[in-house]
file work06.pdb (PDB, C-alpha atoms (C1' of nucleotides))
ATOM      1  CA  MET A   1     123.085 104.274 102.506  1.00  0.00           C
ATOM      2  CA  LEU A   2     119.889 106.036 103.522  1.00  0.00           C
ATOM      3  CA  SER A   3     117.976 104.758 106.546  1.00  0.00           C
ATOM      4  CA  LYS A   4     114.364 103.629 106.255  1.00  0.00           C
ATOM      5  CA  ALA A   5     113.248 106.361 108.645  1.00  0.00           C
ATOM      6  CA  ASN A   6     114.920 109.062 106.581  1.00  0.00           C
ATOM      7  CA  PHE A   7     113.526 107.701 103.356  1.00  0.00           C
ATOM      8  CA  LEU A   8     109.994 107.716 104.745  1.00  0.00           C
ATOM      9  CA  LYS A   9     110.601 111.288 105.863  1.00  0.00           C
ATOM     10  CA  ILE A  10     111.678 112.195 102.349  1.00  0.00           C
ATOM     11  CA  LEU A  11     108.570 110.509 100.920  1.00  0.00           C
ATOM     12  CA  ASP A  12     106.427 112.647 103.201  1.00  0.00           C
ATOM     13  CA  ILE A  13     108.118 115.784 101.912  1.00  0.00           C
ATOM     14  CA  ILE A  14     107.680 114.673  98.313  1.00  0.00           C
ATOM     15  CA  ALA A  15     104.012 113.918  99.020  1.00  0.00           C
ATOM     16  CA  GLU A  16     103.588 117.516 100.152  1.00  0.00           C
ATOM     17  CA  MET A  17     105.367 118.774  97.042  1.00  0.00           C
ATOM     18  CA  PHE A  18     103.091 116.745  94.732  1.00  0.00           C
ATOM     19  CA  PRO A  19      99.813 116.077  96.526  1.00  0.00           C
ATOM     20  CA  ARG A  20      98.078 115.252  93.262  1.00  0.00           C
ATOM     21  CA  ALA A  21     100.662 113.026  91.604  1.00  0.00           C
ATOM     22  CA  HIS A  22      98.966 110.696  89.144  1.00  0.00           C
ATOM     23  CA  GLY A  23      99.428 108.943  85.807  1.00  0.00           C
ATOM     24  CA  GLU A  24      99.422 111.428  82.959  1.00  0.00           C
ATOM     25  CA  LEU A  25      98.729 109.147  80.009  1.00  0.00           C
ATOM     26  CA  ARG A  26      95.320 109.696  78.480  1.00  0.00           C
ATOM     27  CA  SER A  27      93.021 106.724  77.904  1.00  0.00           C
ATOM     28  CA  ASP A  28      89.347 105.810  78.151  1.00  0.00           C
ATOM     29  CA  THR A  29      89.672 102.086  78.829  1.00  0.00           C
ATOM     30  CA  PRO A  30      92.138  99.633  80.364  1.00  0.00           C
ATOM     31  CA  PHE A  31      93.019  98.463  76.855  1.00  0.00           C
ATOM     32  CA  GLN A  32      93.861 101.988  75.766  1.00  0.00           C
ATOM     33  CA  MET A  33      95.886 102.469  78.918  1.00  0.00           C
ATOM     34  CA  LEU A  34      97.895  99.357  78.125  1.00  0.00           C
ATOM     35  CA  ILE A  35      98.593 100.608  74.608  1.00  0.00           C
ATOM     36  CA  ALA A  36      99.524 104.067  75.876  1.00  0.00           C
ATOM     37  CA  VAL A  37     101.944 102.615  78.405  1.00  0.00           C
ATOM     38  CA  ILE A  38     103.565 100.396  75.766  1.00  0.00           C
ATOM     39  CA  LEU A  39     103.981 103.459  73.563  1.00  0.00           C
ATOM     40  CA  SER A  40     105.495 105.459  76.428  1.00  0.00           C
ATOM     41  CA  ALA A  41     108.728 103.441  76.510  1.00  0.00           C
ATOM     42  CA  GLN A  42     111.661 105.850  76.059  1.00  0.00           C
ATOM     43  CA  ALA A  43     109.169 108.583  75.205  1.00  0.00           C
ATOM     44  CA  THR A  44     107.490 111.409  77.081  1.00  0.00           C
ATOM     45  CA  ASP A  45     103.882 111.148  78.242  1.00  0.00           C
ATOM     46  CA  LYS A  46     103.232 114.437  76.496  1.00  0.00           C
ATOM     47  CA  GLY A  47     104.425 113.007  73.203  1.00  0.00           C
ATOM     48  CA  VAL A  48     102.288 109.887  73.644  1.00  0.00           C
ATOM     49  CA  ASN A  49      99.210 111.947  74.492  1.00  0.00           C
ATOM     50  CA  LYS A  50      99.699 113.892  71.290  1.00  0.00           C
ATOM     51  CA  ALA A  51      99.493 110.773  69.148  1.00  0.00           C
ATOM     52  CA  THR A  52      96.980 108.530  70.908  1.00  0.00           C
ATOM     53  CA  PRO A  53      93.757 110.507  70.293  1.00  0.00           C
ATOM     54  CA  ALA A  54      93.960 109.846  66.552  1.00  0.00           C
ATOM     55  CA  LEU A  55      95.139 106.284  67.146  1.00  0.00           C
ATOM     56  CA  PHE A  56      92.284 105.472  69.542  1.00  0.00           C
ATOM     57  CA  ALA A  57      89.710 107.239  67.377  1.00  0.00           C
ATOM     58  CA  LYS A  58      90.535 104.808  64.595  1.00  0.00           C
ATOM     59  CA  TYR A  59      91.403 101.769  66.739  1.00  0.00           C
ATOM     60  CA  PRO A  60      89.546 102.110  70.065  1.00  0.00           C
ATOM     61  CA  ASP A  61      89.764  98.474  71.144  1.00  0.00           C
ATOM     62  CA  SER A  62      91.704  95.254  70.691  1.00  0.00           C
ATOM     63  CA  LYS A  63      89.258  93.944  68.101  1.00  0.00           C
ATOM     64  CA  SER A  64      89.907  96.828  65.717  1.00  0.00           C
ATOM     65  CA  LEU A  65      93.629  97.209  66.395  1.00  0.00           C
ATOM     66  CA  ALA A  66      94.192  93.491  65.839  1.00  0.00           C
ATOM     67  CA  LEU A  67      93.050  93.960  62.243  1.00  0.00           C
ATOM     68  CA  ALA A  68      94.937  97.179  61.603  1.00  0.00           C
ATOM     69  CA  ASP A  69      97.398  97.721  58.787  1.00  0.00           C
ATOM     70  CA  ILE A  70     100.868  98.098  60.245  1.00  0.00           C
ATOM     71  CA  SER A  71     101.945 100.963  58.008  1.00  0.00           C
ATOM     72  CA  ASP A  72      98.833 102.891  59.003  1.00  0.00           C
ATOM     73  CA  VAL A  73      99.592 102.369  62.690  1.00  0.00           C
ATOM     74  CA  GLU A  74     103.205 103.361  62.086  1.00  0.00           C
ATOM     75  CA  SER A  75     102.160 106.632  60.533  1.00  0.00           C
ATOM     76  CA  LEU A  76      99.827 107.342  63.461  1.00  0.00           C
ATOM     77  CA  ILE A  77     102.525 106.826  66.099  1.00  0.00           C
ATOM     78  CA  LYS A  78     105.583 107.950  64.176  1.00  0.00           C
ATOM     79  CA  THR A  79     106.149 111.081  66.246  1.00  0.00           C
ATOM     80  CA  ILE A  80     106.578 108.992  69.402  1.00  0.00           C
ATOM     81  CA  GLY A  81     109.741 107.283  68.229  1.00  0.00           C
ATOM     82  CA  LEU A  82     110.699 103.593  68.125  1.00  0.00           C
ATOM     83  CA  TYR A  83     107.666 103.311  65.906  1.00  0.00           C
ATOM     84  CA  HIS A  84     108.521 100.185  63.889  1.00  0.00           C
ATOM     85  CA  SER A  85     108.713  97.927  66.911  1.00  0.00           C
ATOM     86  CA  LYS A  86     105.938  99.711  68.790  1.00  0.00           C
ATOM     87  CA  ALA A  87     103.489  99.416  65.879  1.00  0.00           C
ATOM     88  CA  LYS A  88     104.256  95.741  65.526  1.00  0.00           C
ATOM     89  CA  ASN A  89     103.991  95.182  69.272  1.00  0.00           C
ATOM     90  CA  ILE A  90     100.654  96.909  69.841  1.00  0.00           C
ATOM     91  CA  ILE A  91      99.008  95.143  66.894  1.00  0.00           C
ATOM     92  CA  ARG A  92     100.340  91.789  68.056  1.00  0.00           C
ATOM     93  CA  THR A  93      99.264  92.602  71.600  1.00  0.00           C
ATOM     94  CA  ALA A  94      95.743  93.339  70.357  1.00  0.00           C
ATOM     95  CA  GLU A  95      95.726  90.067  68.424  1.00  0.00           C
ATOM     96  CA  MET A  96      96.828  88.086  71.454  1.00  0.00           C
ATOM     97  CA  LEU A  97      94.221  89.745  73.653  1.00  0.00           C
ATOM     98  CA  GLU A  98      91.590  88.656  71.165  1.00  0.00           C
ATOM     99  CA  THR A  99      92.825  85.135  70.544  1.00  0.00           C
ATOM    100  CA  ASP A 100      94.391  84.119  73.856  1.00  0.00           C
ATOM    101  CA  PHE A 101      92.713  86.275  76.505  1.00  0.00           C
ATOM    102  CA  GLY A 102      89.079  86.512  75.404  1.00  0.00           C
ATOM    103  CA  GLY A 103      89.365  90.210  74.620  1.00  0.00           C
ATOM    104  CA  GLU A 104      90.111  91.103  78.253  1.00  0.00           C
ATOM    105  CA  LEU A 105      93.298  92.314  79.904  1.00  0.00           C
ATOM    106  CA  PRO A 106      94.697  89.740  82.327  1.00  0.00           C
ATOM    107  CA  HIS A 107      94.883  91.077  85.902  1.00  0.00           C
ATOM    108  CA  ASP A 108      98.158  89.295  86.346  1.00  0.00           C
ATOM    109  CA  LYS A 109     101.741  90.451  86.003  1.00  0.00           C
ATOM    110  CA  ASP A 110     103.147  87.318  84.402  1.00  0.00           C
ATOM    111  CA  LEU A 111     100.310  87.017  81.895  1.00  0.00           C
ATOM    112  CA  LEU A 112     100.581  90.686  80.950  1.00  0.00           C
ATOM    113  CA  GLN A 113     104.284  90.195  80.330  1.00  0.00           C
ATOM    114  CA  LYS A 114     103.505  87.569  77.714  1.00  0.00           C
ATOM    115  CA  LEU A 115     102.253  90.411  75.525  1.00  0.00           C
ATOM    116  CA  PRO A 116     104.926  91.835  73.202  1.00  0.00           C
ATOM    117  CA  GLY A 117     106.206  95.206  74.326  1.00  0.00           C
ATOM    118  CA  VAL A 118     105.070  94.554  77.894  1.00  0.00           C
ATOM    119  CA  GLY A 119     107.847  94.107  80.418  1.00  0.00           C
ATOM    120  CA  ARG A 120     107.992  94.382  84.161  1.00  0.00           C
ATOM    121  CA  LYS A 121     107.587  98.137  84.284  1.00  0.00           C
ATOM    122  CA  THR A 122     104.640  98.321  81.882  1.00  0.00           C
ATOM    123  CA  ALA A 123     102.849  95.450  83.611  1.00  0.00           C
ATOM    124  CA  ASN A 124     103.212  97.147  86.986  1.00  0.00           C
ATOM    125  CA  VAL A 125     101.878 100.452  85.684  1.00  0.00           C
ATOM    126  CA  VAL A 126      98.835  98.871  84.048  1.00  0.00           C
ATOM    127  CA  LEU A 127      97.981  96.744  87.075  1.00  0.00           C
ATOM    128  CA  GLY A 128      98.285  99.733  89.389  1.00  0.00           C
ATOM    129  CA  ASP A 129      96.557 102.375  87.317  1.00  0.00           C
ATOM    130  CA  ALA A 130      93.912 100.318  85.525  1.00  0.00           C
ATOM    131  CA  PHE A 131      93.054  97.802  88.257  1.00  0.00           C
ATOM    132  CA  GLY A 132      94.366  99.271  91.504  1.00  0.00           C
ATOM    133  CA  ILE A 133      96.613  96.275  92.114  1.00  0.00           C
ATOM    134  CA  PRO A 134      99.574  97.303  94.308  1.00  0.00           C
ATOM    135  CA  GLY A 135     102.973  97.469  92.679  1.00  0.00           C
ATOM    136  CA  ILE A 136     105.903  99.785  92.100  1.00  0.00           C
ATOM    137  CA  ALA A 137     107.003 100.348  88.535  1.00  0.00           C
ATOM    138  CA  VAL A 138     110.621 101.378  88.322  1.00  0.00           C
ATOM    139  CA  ASP A 139     111.204 103.644  85.351  1.00  0.00           C
ATOM    140  CA  THR A 140     114.032 106.007  84.568  1.00  0.00           C
ATOM    141  CA  HIS A 141     112.773 108.578  87.102  1.00  0.00           C
ATOM    142  CA  VAL A 142     112.233 106.184  89.982  1.00  0.00           C
ATOM    143  CA  GLU A 143     115.629 104.632  89.366  1.00  0.00           C
ATOM    144  CA  ARG A 144     117.451 107.960  89.181  1.00  0.00           C
ATOM    145  CA  VAL A 145     115.745 109.399  92.274  1.00  0.00           C
ATOM    146  CA  SER A 146     116.265 106.234  94.322  1.00  0.00           C
ATOM    147  CA  LYS A 147     119.954 106.250  93.498  1.00  0.00           C
ATOM    148  CA  ARG A 148     120.468 109.952  94.119  1.00  0.00           C
ATOM    149  CA  LEU A 149     118.806 109.617  97.502  1.00  0.00           C
ATOM    150  CA  GLN A 150     120.993 106.567  98.150  1.00  0.00           C
ATOM    151  CA  LEU A 151     118.060 104.340  98.911  1.00  0.00           C
ATOM    152  CA  VAL A 152     119.981 101.749  96.908  1.00  0.00           C
ATOM    153  CA  LYS A 153     123.579 101.433  95.733  1.00  0.00           C
ATOM    154  CA  GLN A 154     124.473 103.036  92.412  1.00  0.00           C
ATOM    155  CA  SER A 155     124.944  99.654  90.773  1.00  0.00           C
ATOM    156  CA  ALA A 156     121.483  98.369  91.769  1.00  0.00           C
ATOM    157  CA  THR A 157     119.314  96.834  89.050  1.00  0.00           C
ATOM    158  CA  VAL A 158     115.721  97.959  88.486  1.00  0.00           C
ATOM    159  CA  THR A 159     114.529  94.789  90.170  1.00  0.00           C
ATOM    160  CA  GLU A 160     116.601  95.577  93.241  1.00  0.00           C
ATOM    161  CA  VAL A 161     115.184  99.107  93.305  1.00  0.00           C
ATOM    162  CA  GLU A 162     111.667  97.701  93.068  1.00  0.00           C
ATOM    163  CA  ASP A 163     112.266  95.173  95.859  1.00  0.00           C
ATOM    164  CA  LYS A 164     113.783  97.804  98.126  1.00  0.00           C
ATOM    165  CA  LEU A 165     110.908 100.239  97.622  1.00  0.00           C
ATOM    166  CA  MET A 166     108.341  97.521  98.284  1.00  0.00           C
ATOM    167  CA  LYS A 167     110.165  96.614 101.463  1.00  0.00           C
ATOM    168  CA  VAL A 168     110.318 100.171 102.784  1.00  0.00           C
ATOM    169  CA  VAL A 169     106.897 101.459 101.703  1.00  0.00           C
ATOM    170  CA  PRO A 170     103.620  99.994 103.024  1.00  0.00           C
ATOM    171  CA  GLU A 171     101.764  98.081 100.320  1.00  0.00           C
ATOM    172  CA  SER A 172      98.748 100.366 100.447  1.00  0.00           C
ATOM    173  CA  GLU A 173     101.032 103.253  99.418  1.00  0.00           C
ATOM    174  CA  TRP A 174     102.903 101.555  96.575  1.00  0.00           C
ATOM    175  CA  VAL A 175     100.936 102.958  93.661  1.00  0.00           C
ATOM    176  CA  VAL A 176     100.711 106.517  94.937  1.00  0.00           C
ATOM    177  CA  THR A 177     104.357 106.474  95.984  1.00  0.00           C
ATOM    178  CA  HIS A 178     105.282 105.398  92.474  1.00  0.00           C
ATOM    179  CA  HIS A 179     103.463 108.414  91.046  1.00  0.00           C
ATOM    180  CA  ARG A 180     104.981 110.788  93.560  1.00  0.00           C
ATOM    181  CA  LEU A 181     108.494 109.603  92.732  1.00  0.00           C
ATOM    182  CA  ILE A 182     107.720 110.017  89.026  1.00  0.00           C
ATOM    183  CA  PHE A 183     106.518 113.590  89.568  1.00  0.00           C
ATOM    184  CA  PHE A 184     109.497 114.370  91.762  1.00  0.00           C
ATOM    185  CA  GLY A 185     111.869 113.010  89.127  1.00  0.00           C
ATOM    186  CA  ARG A 186     110.067 114.517  86.159  1.00  0.00           C
ATOM    187  CA  TYR A 187     109.501 118.007  87.491  1.00  0.00           C
ATOM    188  CA  HIS A 188     112.044 118.592  90.242  1.00  0.00           C
ATOM    189  CA  CYS A 189     114.850 116.050  90.587  1.00  0.00           C
ATOM    190  CA  THR A 190     115.348 116.112  86.829  1.00  0.00           C
ATOM    191  CA  ALA A 191     118.056 114.184  85.021  1.00  0.00           C
ATOM    192  CA  ARG A 192     119.760 117.350  83.855  1.00  0.00           C
ATOM    193  CA  SER A 193     120.113 120.370  86.128  1.00  0.00           C
ATOM    194  CA  PRO A 194     118.013 119.170  89.076  1.00  0.00           C
ATOM    195  CA  LYS A 195     116.577 121.963  91.213  1.00  0.00           C
ATOM    196  CA  CYS A 196     118.746 121.193  94.227  1.00  0.00           C
ATOM    197  CA  THR A 197     118.951 124.772  95.478  1.00  0.00           C
ATOM    198  CA  LEU A 198     115.158 124.880  95.771  1.00  0.00           C
ATOM    199  CA  CYS A 199     114.782 121.363  97.111  1.00  0.00           C
ATOM    200  CA  PRO A 200     112.983 120.648 100.406  1.00  0.00           C
ATOM    201  CA  VAL A 201     114.688 117.267 100.462  1.00  0.00           C
ATOM    202  CA  LEU A 202     118.182 118.748 100.277  1.00  0.00           C
ATOM    203  CA  PRO A 203     118.983 118.240 103.986  1.00  0.00           C
ATOM    204  CA  TYR A 204     118.593 114.489 103.497  1.00  0.00           C
ATOM    205  CA  CYS A 205     120.330 114.216 100.122  1.00  0.00           C
ATOM    206  CA  LYS A 206     124.011 113.462  99.624  1.00  0.00           C
ATOM    207  CA  PHE A 207     123.677 114.103  95.892  1.00  0.00           C
ATOM    208  CA  GLY A 208     122.330 117.630  96.364  1.00  0.00           C
ATOM    209  CA  GLU A 209     124.773 118.280  99.179  1.00  0.00           C
ATOM    210  CA  LYS A 210     127.622 117.669  96.754  1.00  0.00           C
ATOM    211  CA  LEU A 211     126.094 119.886  94.071  1.00  0.00           C
ATOM    212  CA  SER A 212     125.261 122.774  96.373  1.00  0.00           C
ATOM    213  CA  ILE A 213     128.790 123.092  97.772  1.00  0.00           C
ATOM    214  CA  GLN A 214     130.087 124.649  94.589  1.00  0.00           C
TER     215      GLN A 214
ATOM    216  C1'  DA B 215     125.603  95.262  75.788  1.00  0.00           C
ATOM    217  C1'  DT B 216     123.136  97.013  72.087  1.00  0.00           C
ATOM    218  C1'  DC B 217     119.523  98.439  69.212  1.00  0.00           C
ATOM    219  C1'  DC B 218     115.253 100.906  68.334  1.00  0.00           C
ATOM    220  C1'  DC B 219     113.931 106.467  67.295  1.00  0.00           C
ATOM    221  C1'  DG B 220     111.371 111.179  67.130  1.00  0.00           C
ATOM    222  C1'  DA B 221     110.405 115.357  69.851  1.00  0.00           C
ATOM    223  C1'  DG B 222     111.602 118.703  73.094  1.00  0.00           C
ATOM    224  C1'  DG B 223     114.716 121.052  76.357  1.00  0.00           C
ATOM    225  C1'  DG B 224     118.984 123.239  77.612  1.00  0.00           C
TER     226       DG B 224
ATOM    227  C1'  DC C 225     124.626 120.373  69.348  1.00  0.00           C
ATOM    228  C1'  DC C 226     123.772 116.711  73.121  1.00  0.00           C
ATOM    229  C1'  DC C 227     120.719 114.689  76.526  1.00  0.00           C
ATOM    230  C1'  DT C 228     116.532 112.684  78.015  1.00  0.00           C
ATOM    231  C1'  DC C 229     112.079 110.588  77.824  1.00  0.00           C
ATOM    232  C1'  DT C 230     107.142 106.177  82.867  1.00  0.00           C
ATOM    233  C1'  DG C 231     111.769 100.153  78.264  1.00  0.00           C
ATOM    234  C1'  DG C 232     111.713  95.929  75.986  1.00  0.00           C
ATOM    235  C1'  DA C 233     113.688  92.377  73.063  1.00  0.00           C
ATOM    236  C1'  DT C 234     117.667  90.320  71.211  1.00  0.00           C
TER     237       DT C 234
END
call {"tool": "encode", "arguments": {"input": "work06.pdb", "output": "structure tokens"}}
result
Amino acid sequence: MLSKANFLKILDIIAEMFPRAHGELRSDTPFQMLIAVILSAQATDKGVNKATPALFAKYPDSKSLALADISDVESLIKTIGLYHSKAKNIIRTAEMLETDFGGELPHDKDLLQKLPGVGRKTANVVLGDAFGIPGIAVDTHVERVSKRLQLVKQSATVTEVEDKLMKVVPESEWVVTHHRLIFFGRYHCTARSPKCTLCPVLPYCKFGEKLSIQ
DNA sequence: ATCCCGAGGG
DNA sequence: CCCTCTGGAT
């Protein structure tokens, strides 16, 4: 298992690789960010950004989306995938924001998770990116990278990954570290054919060490 | 554990 | 063709 000192060293290297890591979902308001993040489940940010301009042009806020026709929303987000459940979830989320939350997003993880389609990961992303509230969202990239670097055991759950990262990284760095790990996973330590031979982190990585031998 | 589900990359 | 994508609900 990787030591804390070595992991912080790796984070420094990754920070140099991606000095401008940031959320890549487009949105003009916290509400739109919430919807975009819900839509991003098992989908690429690029794919979400392709669909949301038309969606937000027609339904810019919770008041309008709450009254939307589901088949219309489905057709607007169809290219993203998982569109039946996502259409239902974002309309219901808009309704609940209107009826139960006074039209405002709650700045609270547990309350956000009461909204359909919003789980731990989505709540963390929205709190961090929309409100600057510290948190580490563990998505497919963060999980894969953390396991390859042996920050956690291979069998670790997403919650265990999240807890470990929060323990090792100072709270003031949680949100930016999250984005750096995403960028590292999305553009460099990719799921398929990771760029190990070009990787500045290779000296610290058992996973890449194994790959680079052959 | 399984389902949802289209687009893009290799 | 097969794999992956800022997962969540059942």
call {"tool": "residues_around", "arguments": {"input": "work06.pdb", "residues": "stretch 90-92 of chain A", "least_positions_apart": "3", "cutoff": "9 Å", "atoms": "all atoms listed in the file", "output": "JSON, numbers by chain"}}
result
{"A": [35, 38, 39, 62, 65, 66, 67, 68, 69, 70, 73, 85, 86, 87, 95, 96, 97, 115, 116, 117]}
call {"tool": "closest_atom_pairs", "arguments": {"input": "work06.pdb", "of": "chain A", "to": "chain C", "cutoff": "12 Å", "atoms": "all atoms listed in the file", "output": "CSV"}}
result
residue,atom,partner,partner_atom,distance
A:His22,CA,C:DT230,C1',11.3
A:Gly23,CA,C:DT230,C1',8.7
A:Glu24,CA,C:DT230,C1',9.3
A:Leu25,CA,C:DT230,C1',9.4
A:Ala36,CA,C:DT230,C1',10.6
A:Val37,CA,C:DT230,C1',7.7
A:Ile38,CA,C:DG231,C1',8.6
A:Leu39,CA,C:DG231,C1',9.7
A:Ser40,CA,C:DT230,C1',6.7
A:Ala41,CA,C:DG231,C1',4.8
A:Gln42,CA,C:DC229,C1',5.1
A:Ala43,CA,C:DC229,C1',4.4
A:Thr44,CA,C:DC229,C1',4.7
A:Asp45,CA,C:DT230,C1',7.5
A:Lys46,CA,C:DC229,C1',9.7
A:Gly47,CA,C:DC229,C1',9.3
A:Val48,CA,C:DC229,C1',10.7
A:Ile80,CA,C:DC229,C1',10.2
A:Gly81,CA,C:DC229,C1',10.4
A:Leu82,CA,C:DG231,C1',10.8
A:Ser85,CA,C:DA233,C1',9.7
A:Lys86,CA,C:DG232,C1',10.0
A:Asn89,CA,C:DG232,C1',10.3
A:Gln113,CA,C:DG232,C1',10.3
A:Lys114,CA,C:DG232,C1',11.8
A:Leu115,CA,C:DG232,C1',11.0
A:Pro116,CA,C:DG232,C1',8.4
A:Gly117,CA,C:DG232,C1',5.8
A:Val118,CA,C:DG232,C1',7.0
A:Gly119,CA,C:DG232,C1',6.2
A:Arg120,CA,C:DG231,C1',9.1
A:Lys121,CA,C:DG231,C1',7.6
A:Thr122,CA,C:DG231,C1',8.2
A:Ala123,CA,C:DG231,C1',11.4
A:Asn124,CA,C:DT230,C1',10.7
A:Val125,CA,C:DT230,C1',8.3
A:Val126,CA,C:DT230,C1',11.1
A:Ile136,CA,C:DT230,C1',11.3
A:Ala137,CA,C:DT230,C1',8.1
A:Val138,CA,C:DT230,C1',8.1
A:Asp139,CA,C:DT230,C1',5.4
A:Thr140,CA,C:DT230,C1',7.1
A:His141,CA,C:DT230,C1',7.4
A:Val142,CA,C:DT230,C1',8.7
A:Glu143,CA,C:DT230,C1',10.8
A:Val158,CA,C:DG231,C1',11.2
A:His178,CA,C:DT230,C1',9.8
A:His179,CA,C:DT230,C1',9.2
A:Arg180,CA,C:DT230,C1',11.8
A:Leu181,CA,C:DT230,C1',10.5
A:Ile182,CA,C:DT230,C1',7.3
A:Phe183,CA,C:DT230,C1',10.0
A:Gly185,CA,C:DT230,C1',10.4
A:Arg186,CA,C:DT230,C1',9.4
A:Thr190,CA,C:DT228,C1',9.5
A:Ala191,CA,C:DT228,C1',7.3
A:Arg192,CA,C:DC227,C1',7.9
A:Ser193,CA,C:DC227,C1',11.2
call {"tool": "interface_residues", "arguments": {"input": "work06.pdb", "of": "chain B", "to": "chain A", "cutoff": "6 Å", "atoms": "all atoms listed in the file", "output": "list in words"}}
result
DC218, DC219 and DG220 of chain B
call {"tool": "atom_distance", "arguments": {"input": "work06.pdb", "atom1": "atom CA of A:Pro53", "atom2": "atom CA of A:Arg26"}}
result
8.4 Å
call {"tool": "atom_distance", "arguments": {"input": "work06.pdb", "atom1": "atom CA of A:Lys4", "atom2": "atom CA of A:Lys164"}}
result
10.0 Å
call {"tool": "atom_distance", "arguments": {"input": "work06.pdb", "atom1": "atom CA of A:Cys205", "atom2": "atom CA of A:Leu8"}}
result
13.1 Å
call {"tool": "axis_aligned_box", "arguments": {"input": "work06.pdb", "around": "chain C", "padding_each_side": "6 Å", "output": "AutoDock Vina command-line options"}}
result
--center_x 115.9 --center_y 105.3 --center_z 76.1 --size_x 29.5 --size_y 42.1 --size_z 25.5
